[in-house]
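Q: Contents are compact mmCIF, C-alpha atoms; file name data03.txt:
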# COMPACT_ATOMS: atom_id res chain seq x y z
CA MET A 1 0.00 0.00 0.00
CA VAL A 2 1.18 3.49 -0.89
CA SER A 3 -0.33 6.67 0.50
CA VAL A 4 -0.01 10.00 -1.30
CA THR A 5 -0.65 13.27 0.52
CA ARG A 6 -0.36 16.82 -0.81
CA ALA A 7 0.36 20.05 1.04
CA VAL A 8 1.57 23.58 0.35
CA PHE A 9 5.38 23.80 0.44
CA GLY A 10 5.67 27.56 -0.13
CA ASP A 11 4.80 30.51 -2.35
CA LEU A 12 7.01 31.78 -5.14
CA PRO A 13 7.95 35.47 -4.93
CA LEU A 14 5.93 38.11 -6.84
CA GLY A 15 2.81 35.93 -6.90
CA ALA A 16 4.41 33.53 -9.40
CA GLY A 17 2.53 30.57 -7.94
CA THR A 18 2.29 28.08 -5.10
CA VAL A 19 4.71 25.19 -4.77
CA GLU A 20 3.13 21.99 -3.48
CA LYS A 21 4.73 19.02 -1.74
CA PHE A 22 3.65 15.44 -2.39
CA GLN A 23 4.52 12.80 0.17
CA LEU A 24 4.64 9.22 -1.09
CA GLN A 25 4.76 6.64 1.67
CA SER A 26 5.06 2.84 1.64
CA ASP A 27 5.99 0.49 4.46
CA LEU A 28 9.67 0.90 3.48
CA LEU A 29 10.13 4.41 2.05
CA ARG A 30 8.88 7.94 2.47
CA VAL A 31 9.58 10.37 -0.36
CA ASP A 32 8.78 14.10 -0.52
CA ILE A 33 8.63 15.69 -3.99
CA ILE A 34 7.77 19.31 -4.77
CA SER A 35 6.27 20.81 -7.93
CA TRP A 36 9.20 23.25 -8.28
CA GLY A 37 11.59 21.40 -10.59
CA CYS A 38 9.94 18.01 -9.75
CA THR A 39 12.44 18.07 -6.88
CA ILE A 40 12.92 15.24 -4.38
CA THR A 41 13.34 17.12 -1.09
CA ALA A 42 13.47 14.16 1.31
CA LEU A 43 13.76 10.38 1.12
CA GLU A 44 13.51 8.44 4.36
CA VAL A 45 14.69 4.86 4.45
CA LYS A 46 15.26 2.53 7.41
CA ASP A 47 18.62 1.08 8.43
CA ARG A 48 19.13 -2.51 9.60
CA GLN A 49 17.95 -1.52 13.09
CA GLY A 50 14.73 -0.16 11.61
CA ARG A 51 15.71 3.48 12.21
CA ALA A 52 14.66 5.84 9.42
CA SER A 53 17.01 8.53 8.09
CA ASP A 54 16.68 11.04 5.30
CA VAL A 55 19.28 10.05 2.69
CA VAL A 56 19.06 12.97 0.21
CA LEU A 57 20.68 16.40 0.50
CA GLY A 58 18.41 19.42 0.31
CA PHE A 59 16.49 22.11 2.15
CA ALA A 60 13.55 22.24 4.53
CA GLU A 61 12.09 25.41 2.98
CA LEU A 62 11.37 26.64 -0.52
CA GLU A 63 13.83 29.57 -0.14
CA GLY A 64 16.67 27.05 -0.10
CA TYR A 65 15.74 25.79 -3.54
CA LEU A 66 15.32 29.30 -5.00
CA GLN A 67 18.87 30.35 -4.10
CA LYS A 68 21.89 29.44 -6.20
CA GLN A 69 22.41 25.74 -5.38
CA PRO A 70 23.70 22.67 -7.22
CA TYR A 71 20.44 21.14 -8.53
CA PHE A 72 19.67 19.26 -5.28
CA GLY A 73 17.02 16.62 -6.05
CA ALA A 74 15.77 18.30 -9.22
CA VAL A 75 14.84 17.11 -12.68
CA VAL A 76 17.21 18.74 -15.16
CA GLY A 77 16.53 19.45 -18.85
CA ARG A 78 15.81 20.12 -21.69
CA VAL A 79 19.30 18.64 -21.99
CA ALA A 80 21.05 17.36 -18.87
CA ASN A 81 24.83 17.64 -18.55
CA ARG A 82 27.13 19.73 -20.73
CA ILE A 83 26.89 20.93 -24.31
CA ALA A 84 30.27 22.11 -25.60
CA LYS A 85 30.50 25.89 -25.94
CA GLY A 86 26.69 26.02 -25.71
CA THR A 87 26.21 25.45 -29.44
CA PHE A 88 24.95 22.74 -31.77
CA THR A 89 23.84 22.51 -35.39
CA LEU A 90 20.62 20.86 -36.49
CA ASP A 91 19.47 20.55 -40.10
CA GLY A 92 22.03 23.17 -41.12
CA LYS A 93 20.96 25.71 -38.49
CA GLU A 94 23.19 26.73 -35.60
CA TYR A 95 21.61 27.05 -32.15
CA LYS A 96 23.22 29.07 -29.37
CA LEU A 97 22.47 28.35 -25.72
CA ALA A 98 23.29 30.29 -22.56
CA ILE A 99 26.83 29.67 -21.29
CA ASN A 100 25.97 29.05 -17.63
CA LYS A 101 29.04 26.98 -16.69
CA GLU A 102 31.99 28.54 -18.50
CA PRO A 103 32.65 27.82 -21.35
CA ASN A 104 29.71 25.40 -21.79
CA SER A 105 25.96 25.12 -21.35
CA LEU A 106 24.96 22.93 -18.39
CA HIS A 107 21.70 21.23 -17.39
CA GLY A 108 19.37 23.14 -19.72
CA GLY A 109 20.71 26.67 -19.26
CA LEU A 110 20.00 29.63 -16.99
CA ARG A 111 16.43 28.60 -16.28
CA GLY A 112 16.21 24.90 -16.98
CA PHE A 113 13.51 22.43 -15.99
CA ASP A 114 14.78 22.56 -12.38
CA LYS A 115 13.79 26.25 -12.06
CA VAL A 116 10.16 26.13 -13.19
CA LEU A 117 6.81 25.26 -11.63
CA TRP A 118 5.30 22.03 -12.96
CA THR A 119 1.63 21.03 -13.01
CA PRO A 120 0.95 18.09 -10.67
CA ARG A 121 -1.54 15.25 -10.91
CA VAL A 122 -1.96 12.84 -7.99
CA LEU A 123 -1.91 9.12 -8.83
CA SER A 124 -2.90 6.19 -6.60
CA ASN A 125 0.76 5.31 -5.96
CA GLY A 126 2.59 8.52 -6.86
CA VAL A 127 2.49 11.84 -8.66
CA GLN A 128 2.86 12.98 -12.25
CA PHE A 129 4.21 16.41 -13.18
CA SER A 130 3.78 17.98 -16.60
CA ARG A 131 4.76 21.15 -18.42
CA VAL A 132 5.13 22.57 -21.90
CA SER A 133 8.57 23.96 -22.68
CA PRO A 134 7.88 26.67 -25.28
CA ASP A 135 9.64 26.87 -28.64
CA GLY A 136 12.94 28.70 -28.15
CA GLU A 137 13.04 28.24 -24.36
CA GLU A 138 16.70 28.58 -23.34
CA GLY A 139 17.57 28.57 -27.05
CA TYR A 140 16.20 25.09 -27.84
CA PRO A 141 14.11 24.49 -30.99
CA GLY A 142 10.44 23.52 -30.90
CA GLU A 143 7.81 23.16 -28.23
CA LEU A 144 8.36 20.19 -25.91
CA LYS A 145 5.59 18.57 -23.88
CA VAL A 146 7.07 16.79 -20.86
CA TRP A 147 5.71 14.40 -18.24
CA VAL A 148 7.72 13.21 -15.21
CA THR A 149 6.07 10.49 -13.12
CA TYR A 150 7.21 9.31 -9.69
CA THR A 151 5.69 6.10 -8.34
CA LEU A 152 6.44 4.10 -5.22
CA ASP A 153 6.24 0.36 -4.68
CA GLY A 154 7.65 -0.97 -1.40
CA GLY A 155 11.32 0.01 -1.35
CA GLU A 156 11.44 1.06 -5.00
CA LEU A 157 11.00 4.58 -6.37
CA THR A 158 10.41 4.67 -10.13
CA VAL A 159 10.91 7.80 -12.23
CA ASN A 160 9.52 7.85 -15.76
CA TYR A 161 10.26 10.65 -18.23
CA ARG A 162 8.19 11.19 -21.38
CA ALA A 163 8.39 13.96 -23.95
CA GLN A 164 6.96 14.92 -27.35
CA ALA A 165 8.40 17.59 -29.64
CA SER A 166 6.89 19.87 -32.29
CA GLN A 167 10.32 20.23 -33.95
CA THR A 168 13.48 18.11 -33.88
CA THR A 169 15.34 18.89 -30.65
CA PRO A 170 17.89 17.26 -28.35
CA VAL A 171 16.30 15.88 -25.16
CA ASN A 172 18.09 14.35 -22.17
CA LEU A 173 16.29 14.24 -18.81
CA THR A 174 17.57 13.05 -15.45
CA ASN A 175 17.15 13.50 -11.72
CA HIS A 176 19.99 15.21 -9.86
CA SER A 177 19.47 13.87 -6.32
CA TYR A 178 22.51 13.80 -4.05
CA PHE A 179 22.49 10.74 -1.78
CA ASN A 180 24.29 9.92 1.44
CA LEU A 181 23.21 6.50 2.74
CA ALA A 182 24.59 7.27 6.21
CA GLY A 183 21.96 10.02 6.34
CA GLN A 184 22.09 13.53 4.86
CA GLY A 185 24.36 15.77 6.92
CA SER A 186 26.93 12.99 7.38
CA PRO A 187 30.36 14.48 6.61
CA ASN A 188 31.34 12.35 3.60
CA ILE A 189 30.64 9.28 1.48
CA TYR A 190 34.07 7.63 1.82
CA ASP A 191 32.61 4.62 3.66
CA HIS A 192 30.20 3.87 0.80
CA GLU A 193 30.89 0.83 -1.36
CA VAL A 194 30.15 1.51 -5.02
CA THR A 195 29.59 -0.77 -8.02
CA ILE A 196 28.82 0.53 -11.53
CA GLY A 197 28.01 -1.91 -14.33
CA ALA A 198 30.04 -0.19 -17.05
CA ASP A 199 32.86 -1.58 -19.21
CA ALA A 200 33.67 1.87 -20.61
CA PHE A 201 33.63 5.54 -19.59
CA LEU A 202 34.05 8.88 -21.32
CA PRO A 203 37.33 10.72 -20.68
CA VAL A 204 36.82 14.50 -20.50
CA ASP A 205 38.82 17.65 -21.26
CA GLU A 206 39.56 20.32 -18.66
CA THR A 207 36.05 21.81 -19.10
CA LEU A 208 34.47 18.36 -18.45
CA ILE A 209 33.37 17.85 -22.07
CA PRO A 210 33.91 14.29 -23.38
CA THR A 211 36.90 14.10 -25.72
CA GLY A 212 34.99 11.69 -27.96
CA GLU A 213 36.96 8.65 -26.88
CA VAL A 214 35.02 5.72 -25.40
CA ALA A 215 37.66 4.28 -23.07
CA PRO A 216 37.68 0.82 -21.47
CA VAL A 217 37.55 0.99 -17.65
CA GLN A 218 39.90 -2.00 -17.35
CA GLY A 219 42.99 -1.10 -15.30
CA THR A 220 41.80 2.44 -14.50
CA ALA A 221 40.21 4.25 -11.54
CA PHE A 222 36.95 3.94 -13.48
CA ASP A 223 36.74 0.18 -13.15
CA LEU A 224 33.90 -0.05 -10.65
CA ARG A 225 32.49 -3.35 -11.96
CA LYS A 226 33.41 -4.96 -8.63
CA PRO A 227 32.56 -3.10 -5.39
CA VAL A 228 35.10 -0.52 -4.20
CA GLN A 229 35.13 1.47 -1.00
CA LEU A 230 35.01 5.03 -2.26
CA GLY A 231 37.44 6.75 0.12
CA LYS A 232 40.13 4.10 -0.26
CA HIS A 233 39.62 3.96 -4.01
CA LEU A 234 40.00 7.74 -4.48
CA GLN A 235 43.20 7.67 -2.40
CA GLU A 236 44.64 4.67 -4.18
CA PHE A 237 44.17 6.21 -7.63
CA HIS A 238 44.91 9.81 -6.53
CA VAL A 239 41.62 11.10 -7.92
CA ASN A 240 39.81 14.14 -6.61
CA GLY A 241 36.43 12.50 -7.16
CA PHE A 242 34.23 11.40 -10.04
CA ASP A 243 32.23 13.56 -12.43
CA HIS A 244 32.13 11.26 -15.43
CA ASN A 245 29.75 9.43 -17.70
CA PHE A 246 29.90 5.66 -17.38
CA CYS A 247 28.74 3.82 -20.51
CA LEU A 248 26.03 1.25 -19.79
CA THR A 249 24.47 -1.19 -22.20
CA ARG A 250 22.71 0.64 -25.05
CA SER A 251 19.62 -1.58 -24.79
CA LYS A 252 16.31 0.27 -24.32
CA GLU A 253 15.27 -2.46 -21.85
CA LYS A 254 15.68 -2.12 -18.07
CA HIS A 255 19.29 -2.88 -17.15
CA PHE A 256 21.55 -2.73 -14.10
CA CYS A 257 23.29 0.59 -13.56
CA ALA A 258 24.77 0.79 -10.07
CA ARG A 259 24.72 -0.48 -6.51
CA VAL A 260 25.84 1.47 -3.44
CA HIS A 261 26.12 -0.16 -0.02
CA HIS A 262 26.71 1.62 3.26
CA ALA A 263 28.03 -1.02 5.66
CA GLY A 264 27.53 1.10 8.80
CA SER A 265 23.76 1.36 8.40
CA GLY A 266 23.23 -1.63 6.10
CA ARG A 267 21.43 0.57 3.57
CA VAL A 268 21.68 -0.43 -0.08
CA LEU A 269 20.67 1.57 -3.16
CA GLU A 270 20.41 -0.23 -6.49
CA VAL A 271 19.78 1.73 -9.66
CA TYR A 272 18.33 0.29 -12.86
CA THR A 273 17.59 2.28 -16.00
CA THR A 274 16.69 2.25 -19.70
CA GLN A 275 19.34 4.93 -20.35
CA PRO A 276 22.71 4.29 -22.06
CA GLY A 277 24.75 6.19 -19.45
CA VAL A 278 25.06 7.39 -15.89
CA GLN A 279 26.96 10.42 -14.66
CA PHE A 280 28.57 9.35 -11.39
CA TYR A 281 29.29 12.54 -9.46
CA THR A 282 30.82 12.60 -5.99
CA GLY A 283 29.91 16.17 -4.96
CA ASN A 284 33.34 17.59 -5.84
CA PHE A 285 31.98 21.15 -6.06
CA LEU A 286 30.17 21.09 -2.69
CA ASP A 287 32.02 23.42 -0.34
CA GLY A 288 30.08 23.58 2.93
CA SER A 289 28.62 27.02 2.20
CA LEU A 290 24.99 25.89 1.91
CA LYS A 291 22.87 25.32 5.01
CA GLY A 292 20.75 22.22 4.50
CA LYS A 293 18.03 20.40 6.43
CA SER A 294 18.32 20.12 10.23
CA GLY A 295 21.29 22.51 10.27
CA ALA A 296 23.40 20.26 8.04
CA VAL A 297 26.23 21.68 5.97
CA TYR A 298 27.34 19.96 2.80
CA PRO A 299 31.12 19.87 2.36
CA LYS A 300 32.95 18.35 -0.61
CA HIS A 301 32.19 14.63 -1.09
CA SER A 302 29.21 14.66 1.31
CA GLY A 303 26.84 13.24 -1.29
CA PHE A 304 26.86 11.34 -4.59
CA CYS A 305 24.68 11.50 -7.69
CA LEU A 306 23.85 8.73 -10.13
CA GLU A 307 22.38 10.75 -13.00
CA THR A 308 21.04 8.22 -15.50
CA GLN A 309 21.18 9.89 -18.89
CA ASN A 310 22.30 9.96 -22.47
CA TRP A 311 26.00 10.71 -22.89
CA PRO A 312 27.12 14.32 -22.37
CA ASP A 313 27.47 16.53 -25.47
CA ALA A 314 25.85 13.78 -27.59
CA VAL A 315 24.31 16.48 -29.81
CA ASN A 316 27.84 17.32 -31.02
CA GLN A 317 29.24 13.77 -31.08
CA PRO A 318 27.59 11.68 -33.81
CA HIS A 319 29.02 8.35 -32.58
CA PHE A 320 27.33 8.80 -29.17
CA PRO A 321 23.82 7.34 -28.67
CA PRO A 322 21.16 9.41 -30.48
CA VAL A 323 19.84 12.36 -28.48
CA LEU A 324 17.47 13.93 -31.02
CA LEU A 325 13.70 13.65 -30.61
CA ARG A 326 11.69 14.16 -33.79
CA PRO A 327 8.03 15.16 -34.22
CA GLY A 328 5.79 12.09 -34.00
CA GLU A 329 8.28 10.20 -31.80
CA GLU A 330 8.11 9.85 -28.02
CA TYR A 331 10.99 10.18 -25.61
CA ASP A 332 10.35 7.55 -22.93
CA HIS A 333 12.91 6.57 -20.30
CA THR A 334 12.62 5.08 -16.83
CA THR A 335 14.99 4.83 -13.87
CA TRP A 336 14.38 2.68 -10.79
CA PHE A 337 15.89 3.44 -7.36
CA LYS A 338 15.58 0.36 -5.17
CA PHE A 339 16.36 0.64 -1.45
CA SER A 340 16.98 -2.29 0.88
CA VAL A 341 19.19 -3.34 3.81
CA ALA A 342 21.99 -5.89 3.79
Is it possible to express this structure as structure tokens?

A:
Amino acid sequence: MVSVTRAVFGDLPLGAGTVEKFQLQSDLLRVDIISWGCTITALEVKDRQGRASDVVLGFAELEGYLQKQPYFGAVVGRVANRIAKGTFTLDGKEYKLAINKEPNSLHGGLRGFDKVLWTPRVLSNGVQFSRVSPDGEEGYPGELKVWVTYTLDGGELTVNYRAQASQTTPVNLTNHSYFNLAGQGSPNIYDHEVTIGADAFLPVDETLIPTGEVAPVQGTAFDLRKPVQLGKHLQEFHVNGFDHNFCLTRSKEKHFCARVHHAGSGRVLEVYTTQPGVQFYTGNFLDGSLKGKSGAVYPKHSGFCLETQNWPDAVNQPHFPPVLLRPGEEYDHTTWFKFSVA
């Protein structure tokens, strides 16, 4: 059984609308999602002793989400991740996007899907959010109708993304939740054991744009096919953290993406997806300046993201999986977050 309750989360400034919060609750999970950016604001899961903790980083009030902050819990689009130099060419026409992360365009631009109010519809086991992204929004061609649906079943949270375009446009949607399985506000994620089911990854240049090479993980820091303890692993390979796309199977069917185990609490997160990639990000840019829930601060490496997605800059790299959505087609991807204890 899943219960869904709705409440007011806060009002946007200048009468721009009311943000609502939807609480999805099963016997194993409790998830709070707001209509601003389809943002997951809390996710409570029990440890092996049966004690519930909130395992996502974020804010207790709407004001937190309206300030400059690193996409905590939000759905990002129209195109997640980076587009080199904020430009791409489609059918002979060049499109220019806002450069919001020098020298590239990141996560949809200055006002991406994370910074808009979505229209909610309550379901028996979840909530569906929809919006129409107008033609030319953030520089992207064509009108895009988008639906993001969160449903809960026991310990599994499912996120489905659907979109339809009036003109050919790149589309790449993901959720940017930052997890810490020890509980949000815990100082780091070094004691987390991570597995990612990828035989290859995408090396990046100094601006974090893929070079175009699809590199085998074998013998590198990126070989996470067997579980590694994150802190030890980063030390051993002298890496500052991960912010890379791992290449999963290109099948459109549900496939394994990642598993993260926190031995201290026993909590396990398994991620499955229909997407061809996942950006594994270890919170390298967090710096402790933001005040989170329950007085928490979020220093570097205090949370991790598993952003299931198409490969970054695919619109400029023809050998990457196709990222263009054409009129008459439907973009339809699903990611499953399954929580348990071990």

Q: Using only C-alpha atoms, which of A:Leu269, A:Val214, A:Ala342, A:Leu230 sits nearest Asn245 of chain A?

A: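 Smallest separation from Asn245 of chain A among the options: A:Val214.
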
Q: Can you list, as a PDB file with C-alpha atoms, in the frame of the given file, every protein, DNA or RNA residue that comes within 7 Å of Asn172 of chain A when you count all atoms listed in the file, leaving out same-chain residues fewer than 4 positions away?

A:
ATOM      1  CA  GLY A  77      16.530  19.450 -18.850  1.00  0.00           C
ATOM      2  CA  ARG A  78      15.810  20.120 -21.690  1.00  0.00           C
ATOM      3  CA  VAL A  79      19.300  18.640 -21.990  1.00  0.00           C
ATOM      4  CA  ALA A  80      21.050  17.360 -18.870  1.00  0.00           C
ATOM      5  CA  GLN A 309      21.180   9.890 -18.890  1.00  0.00           C
ATOM      6  CA  ASN A 310      22.300   9.960 -22.470  1.00  0.00           C
ATOM      7  CA  VAL A 323      19.840  12.360 -28.480  1.00  0.00           C
TER       8      VAL A 323
END

Q: Between atom CA of Cys247 of chain A and atom CA of Asp199 of chain A, what is the distance in Å, rounded to a tenth?

A: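 We find that atom CA of Cys247 of chain A and atom CA of Asp199 of chain A lie 6.9 Å from each other.
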
Q: Kindly indicate which residue among A:Val228, A:Val239, A:Ala165, A:Val159 lies nearest to Pro141 of chain A, using all atoms listed in the file for the distances.

A: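 The closest residue to Pro141 of chain A is A:Ala165.
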
Q: With distances taken over all atoms listed in the file, which residue among A:Arg30, A:His233, A:Arg267, A:Arg82 lies nearest Asp47 of chain A?

A: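 Result for the nearest residue to Asp47 of chain A: A:Arg267.
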
Q: To one decimal in Å, tell me the separation between atom CA of Leu97 of chain A and atom CA of Phe280 of chain A.

A: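 Between atom CA of Leu97 of chain A and atom CA of Phe280 of chain A the gap is 24.6 Å.
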
Q: When distances are computed from all atoms listed in the file, which of A:Thr273, A:Ser302, A:Asn180, A:Gln25 shows the smallest separation from Trp336 of chain A?

A: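 Closest to Trp336 of chain A, using all atoms listed in the file: A:Thr273.
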
Q: If we draw a sphere of 8 Å around (21.1, 16.8, -7.8), which residues have at least one atom in it when counting all atoms listed in the file? Please report them as a VMD selection string.

A: chain A and resid 70 to 75 175 to 178 305

Q: Around (32.9, 5.3, 0.2) in the file's frame, which residues reach within 9 Å when counting only C-alpha atoms? Return as a list of chain:residue names?

A: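 Protein and nucleic acid residues near the point are A:Asn188, A:Ile189, A:Tyr190, A:Asp191, A:His192, A:Glu193, A:Val194, A:Val228, A:Gln229, A:Leu230, A:Gly231, A:Lys232, A:His233, A:Leu234, A:Val260, A:His261, A:His262.
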
Q: Pick out the closest residue to Val315 of chain A from this set: A:Ile209, A:Ile34, A:Ala42, A:Ala221. Count only C-alpha atoms.

A: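 Closest residue, counting only C-alpha atoms: A:Ile209.
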
Q: Using all atoms listed in the file, can you tell me which of A:Gly295, A:Gly264, A:Arg48, A:Phe22 comes closest to Thr151 of chain A?

A: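 Selected residue with least distance to Thr151 of chain A: A:Phe22.
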
Q: For atom CA of Glu329 of chain A and atom CA of Gly142 of chain A, determine how far apart the two atoms are, in Å to one decimal place.

A: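 Going from atom CA of Glu329 of chain A over to atom CA of Gly142 of chain A covers 13.5 Å.
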
Q: Fewer than 6 positions away in the same chain doesn't count, so skip those; otherwise give me all residues within 10 Å of Ile196 of chain A, counting all atoms listed in the file, as a ChimeraX atom specification.

A: /A:222-228,246-248,256-260,270-271,278,280,306

Q: For Gly37 of chain A, list every protein, DNA or RNA residue within 8 Å, evaluated using all atoms listed in the file, and leave out those in the same chain fewer than 2 positions away; present the list as a list in words.

A: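 My list of contacting residues is Ile34, Ser35, Thr39, Ala74, Val75, Val76, Phe113, Asp114, Lys115, Val116, Leu117 and Trp118 of chain A.
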
Q: Using only C-alpha atoms, which residues sit within 10 Å of Lys338 of chain A once same-chain residues fewer than 6 positions away are excluded, as a ChimeraX atom specification?

A: /A:29,152-158,259,268-272

Q: Identify, on the basis of all atoms listed in the file, every residue whose closest approach to Gln164 of chain A does not exceed 9 Å; exclude the query and any residue fewer than 6 positions from it along the same chain; express the result as a PyMOL selection string.

A: chain A and resi 143-146+325-331

Q: Residues of the last selection are to be written out with C-alpha atoms, as an mmCIF file, in the frame of the given file.

A:
data_model
loop_
_atom_site.group_PDB
_atom_site.id
_atom_site.type_symbol
_atom_site.label_atom_id
_atom_site.label_comp_id
_atom_site.auth_asym_id
_atom_site.auth_seq_id
_atom_site.Cartn_x
_atom_site.Cartn_y
_atom_site.Cartn_z
ATOM 1 C CA GLU A 143 7.810 23.160 -28.230
ATOM 2 C CA LEU A 144 8.360 20.190 -25.910
ATOM 3 C CA LYS A 145 5.590 18.570 -23.880
ATOM 4 C CA VAL A 146 7.070 16.790 -20.860
ATOM 5 C CA LEU A 325 13.700 13.650 -30.610
ATOM 6 C CA ARG A 326 11.690 14.160 -33.790
ATOM 7 C CA PRO A 327 8.030 15.160 -34.220
ATOM 8 C CA GLY A 328 5.790 12.090 -34.000
ATOM 9 C CA GLU A 329 8.280 10.200 -31.800
ATOM 10 C CA GLU A 330 8.110 9.850 -28.020
ATOM 11 C CA TYR A 331 10.990 10.180 -25.610
#

Q: Once all heavy atoms are restored for segment 244-251 of chain A, what would the output be as a PDB file, in the frame of the given file?

A:
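Output (selection_0.pdb):
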ATOM      1  N   HIS A 244      31.930  11.872 -14.115  1.00  0.00           N
ATOM      2  CA  HIS A 244      32.130  11.260 -15.430  1.00  0.00           C
ATOM      3  C   HIS A 244      30.928  10.426 -15.837  1.00  0.00           C
ATOM      4  O   HIS A 244      30.218   9.891 -14.993  1.00  0.00           O
ATOM      5  CB  HIS A 244      33.354  10.320 -15.398  1.00  0.00           C
ATOM      6  CG  HIS A 244      34.653  11.031 -15.180  1.00  0.00           C
ATOM      7  ND1 HIS A 244      35.032  11.485 -13.944  1.00  0.00           N
ATOM      8  CD2 HIS A 244      35.651  11.361 -16.050  1.00  0.00           C
ATOM      9  CE1 HIS A 244      36.222  12.078 -14.046  1.00  0.00           C
ATOM     10  NE2 HIS A 244      36.611  12.021 -15.308  1.00  0.00           N
ATOM     11  N   ASN A 245      30.778  10.311 -17.149  1.00  0.00           N
ATOM     12  CA  ASN A 245      29.750   9.430 -17.700  1.00  0.00           C
ATOM     13  C   ASN A 245      30.297   8.017 -17.836  1.00  0.00           C
ATOM     14  O   ASN A 245      31.338   7.796 -18.470  1.00  0.00           O
ATOM     15  CB  ASN A 245      29.305   9.937 -19.065  1.00  0.00           C
ATOM     16  CG  ASN A 245      28.227   9.036 -19.659  1.00  0.00           C
ATOM     17  OD1 ASN A 245      27.051   9.198 -19.376  1.00  0.00           O
ATOM     18  ND2 ASN A 245      28.630   8.060 -20.468  1.00  0.00           N
ATOM     19  N   PHE A 246      29.587   7.076 -17.233  1.00  0.00           N
ATOM     20  CA  PHE A 246      29.900   5.660 -17.380  1.00  0.00           C
ATOM     21  C   PHE A 246      28.952   5.081 -18.435  1.00  0.00           C
ATOM     22  O   PHE A 246      27.745   5.345 -18.403  1.00  0.00           O
ATOM     23  CB  PHE A 246      29.747   4.938 -16.044  1.00  0.00           C
ATOM     24  CG  PHE A 246      30.868   5.250 -15.081  1.00  0.00           C
ATOM     25  CD1 PHE A 246      30.934   6.484 -14.443  1.00  0.00           C
ATOM     26  CD2 PHE A 246      31.874   4.328 -14.822  1.00  0.00           C
ATOM     27  CE1 PHE A 246      31.971   6.786 -13.569  1.00  0.00           C
ATOM     28  CE2 PHE A 246      32.911   4.610 -13.951  1.00  0.00           C
ATOM     29  CZ  PHE A 246      32.963   5.849 -13.326  1.00  0.00           C
ATOM     30  N   CYS A 247      29.513   4.313 -19.370  1.00  0.00           N
ATOM     31  CA  CYS A 247      28.740   3.820 -20.510  1.00  0.00           C
ATOM     32  C   CYS A 247      28.103   2.475 -20.160  1.00  0.00           C
ATOM     33  O   CYS A 247      28.804   1.485 -19.932  1.00  0.00           O
ATOM     34  CB  CYS A 247      29.656   3.666 -21.724  1.00  0.00           C
ATOM     35  SG  CYS A 247      30.559   5.191 -22.085  1.00  0.00           S
ATOM     36  N   LEU A 248      26.787   2.458 -20.103  1.00  0.00           N
ATOM     37  CA  LEU A 248      26.030   1.250 -19.790  1.00  0.00           C
ATOM     38  C   LEU A 248      25.652   0.557 -21.098  1.00  0.00           C
ATOM     39  O   LEU A 248      25.978   1.043 -22.185  1.00  0.00           O
ATOM     40  CB  LEU A 248      24.768   1.617 -19.003  1.00  0.00           C
ATOM     41  CG  LEU A 248      24.990   2.484 -17.755  1.00  0.00           C
ATOM     42  CD1 LEU A 248      23.660   2.968 -17.197  1.00  0.00           C
ATOM     43  CD2 LEU A 248      25.775   1.719 -16.687  1.00  0.00           C
ATOM     44  N   THR A 249      24.939  -0.531 -20.990  1.00  0.00           N
ATOM     45  CA  THR A 249      24.470  -1.190 -22.200  1.00  0.00           C
ATOM     46  C   THR A 249      23.518  -0.236 -22.935  1.00  0.00           C
ATOM     47  O   THR A 249      22.794   0.539 -22.320  1.00  0.00           O
ATOM     48  CB  THR A 249      23.760  -2.525 -21.876  1.00  0.00           C
ATOM     49  OG1 THR A 249      23.101  -2.962 -23.055  1.00  0.00           O
ATOM     50  CG2 THR A 249      22.713  -2.369 -20.786  1.00  0.00           C
ATOM     51  N   ARG A 250      23.549  -0.282 -24.269  1.00  0.00           N
ATOM     52  CA  ARG A 250      22.710   0.640 -25.050  1.00  0.00           C
ATOM     53  C   ARG A 250      21.305   0.114 -25.272  1.00  0.00           C
ATOM     54  O   ARG A 250      20.515   0.695 -26.008  1.00  0.00           O
ATOM     55  CB  ARG A 250      23.370   0.945 -26.401  1.00  0.00           C
ATOM     56  CG  ARG A 250      24.630   1.794 -26.287  1.00  0.00           C
ATOM     57  CD  ARG A 250      24.928   2.424 -27.628  1.00  0.00           C
ATOM     58  NE  ARG A 250      26.251   3.022 -27.669  1.00  0.00           N
ATOM     59  CZ  ARG A 250      26.676   3.796 -28.661  1.00  0.00           C
ATOM     60  NH1 ARG A 250      25.886   4.040 -29.691  1.00  0.00           N
ATOM     61  NH2 ARG A 250      27.892   4.310 -28.648  1.00  0.00           N
ATOM     62  N   SER A 251      20.969  -0.997 -24.642  1.00  0.00           N
ATOM     63  CA  SER A 251      19.620  -1.580 -24.790  1.00  0.00           C
ATOM     64  C   SER A 251      18.574  -0.640 -24.188  1.00  0.00           C
ATOM     65  O   SER A 251      18.817   0.005 -23.166  1.00  0.00           O
ATOM     66  CB  SER A 251      19.589  -2.931 -24.068  1.00  0.00           C
ATOM     67  OG  SER A 251      18.373  -3.099 -23.390  1.00  0.00           O
TER      68      SER A 251
END
